[in-house]
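Remarks on the structure that follows.
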Amino acid sequence: MMAHPQLTEDGRLRHLLTLEGLPRRVLTQILDTAASFVPVAERDVKKVPLLRGKAIFNIFFENSTRTRTTFEIAAKRLSADIVNLNIDASSLSKGETLLDTVANLSAMQADMFIVRHAAAGAAHLIARHVAPHISVINAGDGRCAHPTQGLLDMYTLRHYKGEFHNLRVAIVGDILQSRVARSQIHALTTLGCPEVRVVAPKTLLPRDVESLGVHVYHKMEDGIRDVDAVLMLRLQNERMRGSRLPSAGEFFKHWGLTPAKLKLARPDAIVMHPGPMNRGVEIDSEVADGVQSVILAQVTFGIAVRMAVMSLLAGAGAQA
Amino acid sequence: MKIHIRNGRVVDPASGLDRIQDIYVAAGHIAGVGSAPADFHANQVIDATGLVVCPGLVDLAVRLREPGLEYMATLESEMHACAVGGVTSLACPPDTSPALDEPGLVEMLKFRAKHMPGPRVYPIGALTRQLKGERLTEMAELNEAGCVAFSQADAPLIDTQVLLRAMEYAKTFDLPIWLRPQDAHLARGGVAHDGVVAARLGLPAIPVPAETVALATILLLVRETGARVHLARLSSRAGIDMVRRAKHDGLPITCDVGVHHIHLSEMDTADFNAHCHLIPPLRSQRDRDAIRQGLADGTIDAICSDHAPVDDDAKEKPFQEAEPGATGVELLLPLTLKWAQEAGVPLIRALGFVTHRPAAILGIPGGRIGVGQAADLCLYDPDAHWLVSPSNLASLGKNSPFLGLEMQGRVHYTLIDGHLDFRRDGHRGHHHP
């Protein structure tokens with residue numbers, strides 16, 4: 001039998017590459033650990049010494065100021081040393097391979113790599129090649145996974161809605177090209193959410209998406225009816241290649257979240273979005289800034305969740 | 001040089017022969033099957049007891065990586081790997097650098113190959129200059145230089161007007177065209193089958209219609225022009241169904257599949273194993289079953305290795321960035337045997353897919369055992385087990401989805417033109433009388 005790509009032999013978290021295949025026990029442990037870190041941000045001294053002396057490298061092969069910053073803040077709150085590296089994809093084409101780059105960084109006594117890359121599976125590849133003491137966190141690989149985003153979304157859901165076993169959740173937007181959606185789906189199904197819906201036009205859904213355990217809706221009005229939470233996705237303009245959608249305007253008309261559409265959800269439904277938002281494309285400002293929106297809370301919880309993942313990977317446990 | 005191959009199980013799919021017999025080789029030809037010709041005095045006797053003696057394999061797609069791609073593999077290394085795999089004739093696709101679009105390049109390749117041990121090399125000429133899909137090559141000239149057919153390899157041919165004219169022009173000289181059906185637009189950017197695994201992993205997908213839409217176009221143009229077209233590397237159930245119907249309608253077409261596609265499916269890509277990044281993509285288990293069915297019912301004419309040696313640097317990348325392809329010439333025989341065993345197909349029938357049937361597609365006389373035939377023979381131990389590992393592969397390409405797995409069936413001797421081009425060290429029973 002092959003070794004689990006993300007767990008040690010005794011079932012502890014070794015790398016965080018994807019939420020697929022992680023047992024519920026591990027997901028719950030991360031969420032519980034994150035809960036213990038949330039109060040840290042409310043203290044005067046927003047720091048705990050759990051990862052003092054650890055060297056964490058933010059390796060971003062694809063630009064993202066926001067995600068990189070949240071990891072940086074999380075690492076600093078754990079007292080780790082963090083180094084940011086933006087690696088221009090063109091420097092790779094000049095000869096150094098991805099694995100060369102990683103080997104070079106390993107030689108700088110790193111303890112943890114946080115990796116973002118445009119290709120699915122990049123973090124898996126790196127994890128297979130790093131020294132045994134180095135952990136890898138996937139900060140987004142192509143359309144495949146964005147596990148810390150998925151986890152912070154689960155944290156937010158649990159915070160506002162309690163347990164998962166009676167929730168009805170709709171994920172709306174560009175499912176096809178979204179690593180966030182895939183991580184959310186894997187996490188929700190693992191945590192026991194009985195009804196996960198995806199709402200999108202056919203051009204933004206993978207073929208065989210039902211095999212992930214979701215219900216498919218094309219009409220937004222049907223898809224968000226009576227749900228407890230609406231998880232909006234960013235419309236990846238930069239990945240939109242003309243023929244998937246005629247226009248942002250038509251998308252907004254059919255799949256944008258407006259106050260009128262939100263009324264179809266349960267009255268206490270929450271609205272989430274991974275950010276950055278395209279106001280007026282996937283979400284109306286009135287909804288984004290409205291009482292049902294928990295979008296800013298997601299950002300706050302995101303720090304605690306990333307602290308939890310880092311501390312668990314470093315073997316520091318939940319003794320914050 | 002006279003060689004007496006003693007006591008092997010001689011299996012010749014073309015003639016239906018399957019019997020323990022002796023074979024006598026003289027002056028590069030088979031001089032006797034079963035009984036020695038008069039005055040035959042062997043210089044060498046090979047004890048083939050326990051071995052199968054079959055025609056040397058004919059492989060319809062072997063990338064030798066010359067000219068221009070020697071960082072991946074060399075002519076010497078891959079010719080040797082072919083002999084190790086029992087392959088005695090091969091067709092090499094034109095996707096070299098530069099592409100095989102000029103007679104001089106083809107002559108040079110043939111000249112170089114002729115002067116080293118290893119299989120007979122039959123170059124496939126480029127259908128269009130630089131494989132750009134725009135201007136036709138000088139097919140008649142290339143044919144004189146040694147090209148037996150013309151193809152785009154895996155390069156797209158987007159312009160259907162060019163495709164139509166290529167067929168008309170080739171038909172003028174009755175030259176065959178080999179096409180891998182894939183619509184360039186539908187396949188654009190994709191690396192994996194549009195199915196459950198791509199949905200899960202978020203891999204950019206190539207839908208089945210990329211194959212079937214291209215096939216529909218090709219089949220309609222074949223109907224129109226009467227061109228002889230060989231369809232390379234079918235991958236989908238729907239595509240195989242279309243070919244089955246077209247053959248039933250009497251169209252002059254043949255087709256092959258890659259040996260990996262008989263065994264693997266999209267499920268094998270689920271852990272981002274770049275060795276399973278193949279062209280065309282590994283599709284669903286239903287599609288794989290349809291490939292097996294297509295072989296069993298004769299819709300598919302041949303199995304090829306689609307040999308593509310790739311260096312480690314080009315493979316150790318995220319799935320979608322990794323160079324596609326798998327090394328294959330040394331696995332063609334054992335993987336064909338594995339399929340035959342699993343599917344309950346008689347050995348003699350299974351070997352036909354890698355001997356006389358591909359030879360017929362190539363229009364060459366090889367792939368059969370008979371008095372007067374060139375002595376291209378493969379002697380293998382059907383019971384030998386061996387591990388697929390970098391050190392066990394002679395090809396410079398160590399890129400195999402089967403690394404770490406055991407194969408059954410191993411070549412012990414390969415004769416090409418009556419020469420013993422490969423002999424596995426340590427095999428018993430080989431002596432000079």
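Ligands are numbered from 1 in the order shown, residues from 1 within each chain, and chains are lettered A, B, ... in the order they appear in the structure tokens.
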
Identify all chain B residues at most 6 Å from chain A by counting only C-alpha atoms; ligands do not count. Present them as a PyMOL selection string. chain B and resi 195-196+199+201-202+318

Could you give me, as a ChimeraX atom specification, the residues within 7 Å of stretch 297-302 of chain A, counting only C-alpha atoms and dropping anything in the same chain fewer than 5 positions from it? /A:38,152-153,156

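Shell of B:Asp376 at 6 Å, with only C-alpha atoms counted and residues fewer than 2 places along the chain excluded, is Gly56, Ala374, Leu415, Ile416 and Asp417 of chain B.
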
Give me a file of those residues, with N, CA and C atoms, as a CSV table (one decimal), in the first residue's frame.
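Wrote selection.csv, looks like this:
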chain,number,residue,atom,x,y,z
B,56,GLY,N,9.6,-11.1,-35.7
B,56,GLY,CA,10.0,-9.9,-35.1
B,56,GLY,C,8.8,-8.9,-35.0
B,374,ALA,N,12.6,-12.8,-44.9
B,374,ALA,CA,13.7,-12.3,-44.2
B,374,ALA,C,13.7,-12.8,-42.7
B,415,LEU,N,16.5,-11.6,-33.9
B,415,LEU,CA,17.3,-11.7,-35.1
B,415,LEU,C,16.7,-10.7,-36.1
B,416,ILE,N,17.6,-9.9,-36.7
B,416,ILE,CA,17.1,-9.0,-37.8
B,416,ILE,C,18.0,-9.3,-39.0
B,417,ASP,N,17.3,-9.6,-40.1
B,417,ASP,CA,18.0,-9.9,-41.3
B,417,ASP,C,19.0,-11.1,-41.1

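From atom CA of A:Met310 back to atom CA of A:Thr67, the distance works out to 14.5 Å.
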
If DSSP is run on the backbone, what residues of stretch 93-200 of chain B are helix (DSSP H, G or I)? A reply as an MDAnalysis selection string would be ideal. chainID B and resid 103:114 129:131 139:145 160:172 184:187 196:200

Limited to C-alpha atoms, could you put the picked residues into a file as a compact mmCIF listing (two decimals), in the first residue's frame?
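Result file follows (part_8.txt):
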# COMPACT_ATOMS: atom_id res chain seq x y z
CA PRO B 103 14.07 14.07 -48.60
CA GLY B 104 17.58 14.86 -47.34
CA LEU B 105 16.53 14.45 -43.71
CA VAL B 106 14.83 11.16 -44.46
CA GLU B 107 17.82 9.85 -46.42
CA MET B 108 20.16 10.81 -43.60
CA LEU B 109 18.01 9.06 -41.02
CA LYS B 110 17.73 5.93 -43.14
CA PHE B 111 21.48 5.98 -43.79
CA ARG B 112 22.35 6.35 -40.12
CA ALA B 113 19.89 3.66 -39.08
CA LYS B 114 21.08 1.24 -41.73
CA ARG B 129 5.94 21.47 -44.06
CA GLN B 130 7.27 21.78 -40.53
CA LEU B 131 4.05 20.03 -39.51
CA MET B 139 5.21 13.57 -50.85
CA ALA B 140 6.36 11.87 -54.01
CA GLU B 141 9.97 12.91 -53.40
CA LEU B 142 9.75 11.90 -49.78
CA ASN B 143 8.30 8.57 -50.81
CA GLU B 144 11.29 7.99 -53.10
CA ALA B 145 13.55 8.87 -50.20
CA THR B 160 -9.78 21.19 -43.34
CA GLN B 161 -9.09 22.47 -46.84
CA VAL B 162 -5.47 21.45 -46.39
CA LEU B 163 -6.63 18.07 -45.08
CA LEU B 164 -8.88 17.51 -48.09
CA ARG B 165 -6.11 18.44 -50.52
CA ALA B 166 -3.56 16.34 -48.69
CA MET B 167 -5.84 13.35 -49.11
CA GLU B 168 -6.42 14.11 -52.78
CA TYR B 169 -2.74 14.58 -53.44
CA ALA B 170 -1.73 11.46 -51.54
CA LYS B 171 -4.40 9.48 -53.37
CA THR B 172 -2.87 10.60 -56.67
CA ALA B 184 -7.37 21.12 -32.18
CA HIS B 185 -9.96 23.54 -30.90
CA LEU B 186 -11.79 21.06 -28.71
CA ALA B 187 -8.49 19.77 -27.33
CA VAL B 196 -14.29 12.14 -13.00
CA VAL B 197 -10.57 12.53 -12.36
CA ALA B 198 -10.25 15.84 -14.20
CA ALA B 199 -13.34 17.04 -12.34
CA ARG B 200 -11.71 16.17 -9.02

Please list as number ranges by chain every residue within 12 Å of A:Leu231, counting only C-alpha atoms and excluding residues in the same chain fewer than 4 positions away. A: 149-150, 153-154, 156-157, 168-175, 180-181, 184-185, 188, 196-199, 223-224, 227, 256-257, 262, 265, 269-275, 282-283, 288, 292-295, 298

Can you pull out the residues contacting B:Gly298? Cut-off 10 Å, using only C-alpha atoms, and skip same-chain residues under 6 positions away; I want them as a ChimeraX atom specification. /B:244,292,353

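Nearest to A:Arg52 of all the residues A:Ala314, A:Leu17, A:Val287, A:His218 is A:Ala314, based on only C-alpha atoms.
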
Using only C-alpha atoms, which residues sit within 12 Å of A:Ala55 once same-chain residues fewer than 4 positions away are excluded, as number ranges by chain? A: 51, 72, 75-76, 78-84, 105-114, 133-135, 310, 314

As a count of residues only, which residues of stretch 69-254 of chain A does DSSP assign to strand (DSSP E or B)? 37

With a distance cut-off of 7 Å and only C-alpha atoms, select the neighbouring residues of B:Pro67, excluding the residue or stretch itself and same-chain residues fewer than 4 positions from it, and output the selection as JSON, numbers by chain. {"B": [96, 97, 98]}

Output N, CA and C atoms for every residue in the selection just made, as a PDB file, in the first residue's frame.
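Result saved to again06.pdb:
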ATOM      1  N   THR B  96      10.251  15.057 -35.393  1.00  0.00           N
ATOM      2  CA  THR B  96      11.623  15.291 -34.961  1.00  0.00           C
ATOM      3  C   THR B  96      11.894  16.788 -35.098  1.00  0.00           C
ATOM      4  N   SER B  97      13.133  17.197 -34.875  1.00  0.00           N
ATOM      5  CA  SER B  97      13.447  18.619 -34.982  1.00  0.00           C
ATOM      6  C   SER B  97      14.714  18.803 -35.819  1.00  0.00           C
ATOM      7  N   PRO B  98      14.648  19.228 -37.055  1.00  0.00           N
ATOM      8  CA  PRO B  98      13.417  19.584 -37.775  1.00  0.00           C
ATOM      9  C   PRO B  98      12.573  18.356 -38.097  1.00  0.00           C
TER      10      PRO B  98
END

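Taking atom CA of A:His15 and atom CA of B:Pro390 as endpoints, the distance between them is 28.5 Å.
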
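Here atom CA of B:Tyr71 stands at a distance of 15.5 Å from atom CA of B:Ala326.
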